[in-house]
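To start, the structure under review is shown below, and the notes come after it.
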Amino acid sequence: MVIVGLGNPGKRYATTRHNVGFILVDALAKKLGARWQFNDKLTAYLARSTEKDILLVKPHTFVNASGSAVSAVLRYYKMPCDQLVVVHDDVDLPPFELKDSVDSSSAGHHGVEDIIEKLGSQAFRRIRVGIGRPVEKSFDVENYVLASFAGSDLDTLRKTGLEHLLSSLGI
């Protein structure tokens, strides 16, 4: 199984809502005792758990351009789309709620759109992580997703999100 966390590279984005995929696969790597290594050819950080036969991936691209790295990893490891799990943020779900789906559209998430386009398929599993919406009706989505979590919310995400992720994946 290949588990891809979506996020933006760099310290500037490390604790932002758009980086929930990175945050959760980092927590998963720690739980599995897997260490990250950068693969320049695949433009991604990779961590492997041989005990669980899981490859964790953090594309070293911006979220909206994740498809190239994801498709390169699947080609290199000769993995079919049905072995792919993409973990990403979703403003349409309440904070910290996880929703699992297979073979579904991008629902407007540009990173998922790019993955679908580059793979030529949407036949993969998605774990959407709720980041909620601000109460103001006229909020700017881009500014909201690029804003950082409050410290306690980040702790809640790491703990609750990881528990839900482990349960959802059967790990």
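By convention here, the chains of the structure tokens are called A, B, ... in the order presented, each chain's residues are numbered starting at 1, and ligands are numbered starting at 1 in the order presented.
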Just list as JSON, numbers by chain whatever in segment 6-166 of chain A DSSP marks as strand (DSSP E).
{"A": [37, 38, 39, 44, 45, 46, 47, 48, 49, 54, 55, 56, 57, 58, 59, 84, 85, 86, 87, 88, 89, 90, 98, 99, 100, 101, 102, 125, 126, 127, 128, 129, 130]}
Can you pull out every residue within 12 Å of Ala27 of chain A, counting only C-alpha atoms, but drop anything in the same chain fewer than 3 positions away, and send it as a ChimeraX atom specification?
/A:5,20-24,30-36,47,56,154-155,157-166
Kindly export the residues of the current selection with N, CA and C atoms, as a short mmCIF file (atom, residue, chain, number, x, y, z; two decimals), in the first residue's frame.
data_model
loop_
_atom_site.label_atom_id
_atom_site.label_comp_id
_atom_site.auth_asym_id
_atom_site.auth_seq_id
_atom_site.Cartn_x
_atom_site.Cartn_y
_atom_site.Cartn_z
N GLY A 5 0.52 11.65 1.75
CA GLY A 5 -0.02 12.80 2.47
C GLY A 5 0.22 14.03 1.63
N VAL A 20 -2.48 18.96 6.40
CA VAL A 20 -2.92 17.86 7.26
C VAL A 20 -2.42 16.51 6.75
N GLY A 21 -2.29 16.36 5.44
CA GLY A 21 -1.77 15.11 4.90
C GLY A 21 -0.35 14.85 5.36
N PHE A 22 0.52 15.86 5.26
CA PHE A 22 1.90 15.73 5.73
C PHE A 22 1.92 15.45 7.23
N ILE A 23 1.12 16.20 7.98
CA ILE A 23 1.11 16.08 9.44
C ILE A 23 0.74 14.65 9.85
N LEU A 24 -0.27 14.09 9.20
CA LEU A 24 -0.72 12.75 9.58
C LEU A 24 0.23 11.65 9.09
N LYS A 30 6.20 7.98 12.34
CA LYS A 30 6.75 7.87 13.70
C LYS A 30 6.19 6.63 14.40
N LYS A 31 4.89 6.41 14.29
CA LYS A 31 4.22 5.25 14.90
C LYS A 31 4.78 3.94 14.35
N LEU A 32 5.06 3.90 13.04
CA LEU A 32 5.55 2.69 12.39
C LEU A 32 7.07 2.53 12.47
N GLY A 33 7.76 3.55 13.01
CA GLY A 33 9.22 3.50 13.08
C GLY A 33 9.89 3.64 11.73
N ALA A 34 9.21 4.30 10.79
CA ALA A 34 9.76 4.49 9.44
C ALA A 34 10.45 5.84 9.36
N ARG A 35 11.58 5.88 8.66
CA ARG A 35 12.35 7.12 8.55
C ARG A 35 12.25 7.70 7.15
N TRP A 36 12.12 9.02 7.09
CA TRP A 36 11.98 9.73 5.81
C TRP A 36 13.31 9.88 5.12
N ALA A 47 9.09 7.03 3.15
CA ALA A 47 9.37 6.30 4.38
C ALA A 47 8.70 4.94 4.23
N LEU A 56 5.11 5.26 2.68
CA LEU A 56 4.56 6.58 2.94
C LEU A 56 5.25 7.57 2.01
N LEU A 154 -3.57 21.59 16.60
CA LEU A 154 -2.54 20.76 15.96
C LEU A 154 -2.32 19.48 16.78
N ASP A 155 -2.29 19.61 18.10
CA ASP A 155 -2.15 18.43 18.97
C ASP A 155 -3.34 17.49 18.81
N LEU A 157 -5.30 17.24 16.17
CA LEU A 157 -5.19 16.62 14.85
C LEU A 157 -4.23 15.44 14.90
N ARG A 158 -3.07 15.64 15.48
CA ARG A 158 -2.07 14.56 15.52
C ARG A 158 -2.59 13.34 16.28
N LYS A 159 -3.24 13.57 17.40
CA LYS A 159 -3.72 12.46 18.23
C LYS A 159 -4.97 11.82 17.62
N THR A 160 -6.02 12.59 17.47
CA THR A 160 -7.30 12.07 16.99
C THR A 160 -7.19 11.62 15.54
N GLY A 161 -6.55 12.46 14.71
CA GLY A 161 -6.41 12.12 13.29
C GLY A 161 -5.64 10.83 13.09
N LEU A 162 -4.55 10.65 13.84
CA LEU A 162 -3.76 9.43 13.71
C LEU A 162 -4.57 8.22 14.15
N GLU A 163 -5.31 8.33 15.26
CA GLU A 163 -6.14 7.21 15.71
C GLU A 163 -7.16 6.82 14.64
N HIS A 164 -7.83 7.83 14.06
CA HIS A 164 -8.81 7.55 13.01
C HIS A 164 -8.16 6.97 11.77
N LEU A 165 -6.99 7.50 11.41
CA LEU A 165 -6.27 7.01 10.24
C LEU A 165 -5.87 5.54 10.42
N LEU A 166 -5.31 5.21 11.58
CA LEU A 166 -4.91 3.84 11.86
C LEU A 166 -6.10 2.89 11.79
#
Backbone DSSP call of helix (DSSP H, G or I) for segment 31-157 of chain A, listed as a ChimeraX atom specification:
/A:31-32,63-65,67-76,81-83,110-119,141-145,151-157
Serialized selection, C-alpha atoms, as a PDB file, in the first residue's frame:
ATOM      1  CA  LYS A  31       4.225   5.252  14.905  1.00  0.00           C
ATOM      2  CA  LEU A  32       5.554   2.687  12.390  1.00  0.00           C
ATOM      3  CA  VAL A  63      -0.270  20.534  -3.046  1.00  0.00           C
ATOM      4  CA  ASN A  64      -1.833  21.605  -6.340  1.00  0.00           C
ATOM      5  CA  ALA A  65       0.993  19.961  -8.319  1.00  0.00           C
ATOM      6  CA  GLY A  67       0.148  14.466  -9.403  1.00  0.00           C
ATOM      7  CA  SER A  68       3.582  14.246 -11.029  1.00  0.00           C
ATOM      8  CA  ALA A  69       5.270  12.938  -7.883  1.00  0.00           C
ATOM      9  CA  VAL A  70       2.416  10.540  -7.069  1.00  0.00           C
ATOM     10  CA  SER A  71       2.341   9.085 -10.589  1.00  0.00           C
ATOM     11  CA  ALA A  72       6.161   8.764 -10.600  1.00  0.00           C
ATOM     12  CA  VAL A  73       6.084   6.823  -7.310  1.00  0.00           C
ATOM     13  CA  LEU A  74       3.367   4.451  -8.538  1.00  0.00           C
ATOM     14  CA  ARG A  75       5.222   3.831 -11.819  1.00  0.00           C
ATOM     15  CA  TYR A  76       8.565   3.279 -10.078  1.00  0.00           C
ATOM     16  CA  CYS A  81      -4.099   2.870  -8.384  1.00  0.00           C
ATOM     17  CA  ASP A  82      -6.159   0.640  -6.120  1.00  0.00           C
ATOM     18  CA  GLN A  83      -3.140   0.395  -3.784  1.00  0.00           C
ATOM     19  CA  HIS A 110      -6.836  21.004  -6.720  1.00  0.00           C
ATOM     20  CA  GLY A 111      -4.198  18.574  -5.454  1.00  0.00           C
ATOM     21  CA  VAL A 112      -6.547  15.625  -5.926  1.00  0.00           C
ATOM     22  CA  GLU A 113      -7.542  17.023  -9.340  1.00  0.00           C
ATOM     23  CA  ASP A 114      -3.882  17.009 -10.373  1.00  0.00           C
ATOM     24  CA  ILE A 115      -3.407  13.429  -9.153  1.00  0.00           C
ATOM     25  CA  ILE A 116      -6.488  12.263 -11.079  1.00  0.00           C
ATOM     26  CA  GLU A 117      -5.248  14.052 -14.202  1.00  0.00           C
ATOM     27  CA  LYS A 118      -1.704  12.640 -14.005  1.00  0.00           C
ATOM     28  CA  LEU A 119      -2.871   9.095 -13.208  1.00  0.00           C
ATOM     29  CA  VAL A 141     -10.483  29.565   0.853  1.00  0.00           C
ATOM     30  CA  GLU A 142      -6.826  29.974  -0.133  1.00  0.00           C
ATOM     31  CA  ASN A 143      -5.999  32.196   2.843  1.00  0.00           C
ATOM     32  CA  TYR A 144      -7.927  29.917   5.190  1.00  0.00           C
ATOM     33  CA  VAL A 145      -6.199  26.677   4.169  1.00  0.00           C
ATOM     34  CA  GLY A 151      -1.315  24.822  18.953  1.00  0.00           C
ATOM     35  CA  SER A 152      -4.032  22.814  20.714  1.00  0.00           C
ATOM     36  CA  ASP A 153      -5.797  22.076  17.406  1.00  0.00           C
ATOM     37  CA  LEU A 154      -2.541  20.763  15.963  1.00  0.00           C
ATOM     38  CA  ASP A 155      -2.153  18.428  18.967  1.00  0.00           C
ATOM     39  CA  THR A 156      -5.764  17.262  18.557  1.00  0.00           C
ATOM     40  CA  LEU A 157      -5.189  16.624  14.845  1.00  0.00           C
TER      41      LEU A 157
END
So that I can check the surroundings of Leu55 of chain A, please list as a list in words every protein, DNA and RNA residue that reaches within 10 Å of it, counting only C-alpha atoms and ignoring chain neighbours fewer than 6 positions away.
Met1, Val2, Ile3, Val4, Ala29, Ala34, Leu46, Ala47, Arg48, Ser49, Val73, Tyr77 and Leu84 of chain A
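For the pair atom CA of Phe96 of chain A and atom CA of Ala147 of chain A, the separation is 15.8 Å.
Every protein or nucleic acid residue with an atom no more than 9 Å from Arg126 of chain A, counting only C-alpha atoms and leaving out same-chain residues fewer than 3 positions away, appears here: Leu84, Val85, Val86, Val87, His88, Lys99, Asp100, Ser101, Val102, Asp103, Ser104 and Val112 of chain A.
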Any idea what's packed within 9 Å of Asp90 of chain A, counting only C-alpha atoms, ignoring anything in its chain fewer than 4 positions away? Could you give it as a list in words?
His18, Pro94, Pro95, His109, Arg128, Val129, Gly130, Ile131 and Gly132 of chain A
Can you pull out every residue within 12 Å of Arg12 of chain A, counting only C-alpha atoms, but drop anything in the same chain fewer than 5 positions away, and send it as a PDB file with N, CA and C atoms, in the first residue's frame?
ATOM      1  N   GLY A   7       0.570  18.067   1.101  1.00  0.00           N
ATOM      2  CA  GLY A   7       0.986  19.248   1.844  1.00  0.00           C
ATOM      3  C   GLY A   7       1.946  20.067   1.001  1.00  0.00           C
ATOM      4  N   ARG A  17      -3.386  24.340   7.654  1.00  0.00           N
ATOM      5  CA  ARG A  17      -4.503  23.417   7.424  1.00  0.00           C
ATOM      6  C   ARG A  17      -4.315  22.603   6.146  1.00  0.00           C
ATOM      7  N   HIS A  18      -3.681  23.206   5.144  1.00  0.00           N
ATOM      8  CA  HIS A  18      -3.471  22.513   3.870  1.00  0.00           C
ATOM      9  C   HIS A  18      -2.479  21.356   4.025  1.00  0.00           C
ATOM     10  N   ASN A  19      -1.756  21.326   5.126  1.00  0.00           N
ATOM     11  CA  ASN A  19      -0.722  20.313   5.342  1.00  0.00           C
ATOM     12  C   ASN A  19      -1.175  19.157   6.216  1.00  0.00           C
ATOM     13  N   LEU A 146      -4.213  28.073   4.061  1.00  0.00           N
ATOM     14  CA  LEU A 146      -2.790  28.360   4.262  1.00  0.00           C
ATOM     15  C   LEU A 146      -2.491  28.983   5.624  1.00  0.00           C
ATOM     16  N   ALA A 147      -3.523  29.127   6.460  1.00  0.00           N
ATOM     17  CA  ALA A 147      -3.329  29.619   7.821  1.00  0.00           C
ATOM     18  C   ALA A 147      -2.981  28.442   8.732  1.00  0.00           C
ATOM     19  N   SER A 148      -2.203  28.721   9.759  1.00  0.00           N
ATOM     20  CA  SER A 148      -1.778  27.676  10.690  1.00  0.00           C
ATOM     21  C   SER A 148      -2.868  27.314  11.685  1.00  0.00           C
TER      22      SER A 148
END
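Here atom CA of Arg125 of chain A and atom CA of Ala44 of chain A stand 19.5 Å from one another.
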Give me the residues within 10 Å of Phe38 of chain A as a list in words, counting only C-alpha atoms and dropping any in the same chain fewer than 3 places off.
Lys41, Leu42, Thr43, Ala44, Tyr45, Leu46, Ala47, Val57, Lys58, Pro59 and His60 of chain A
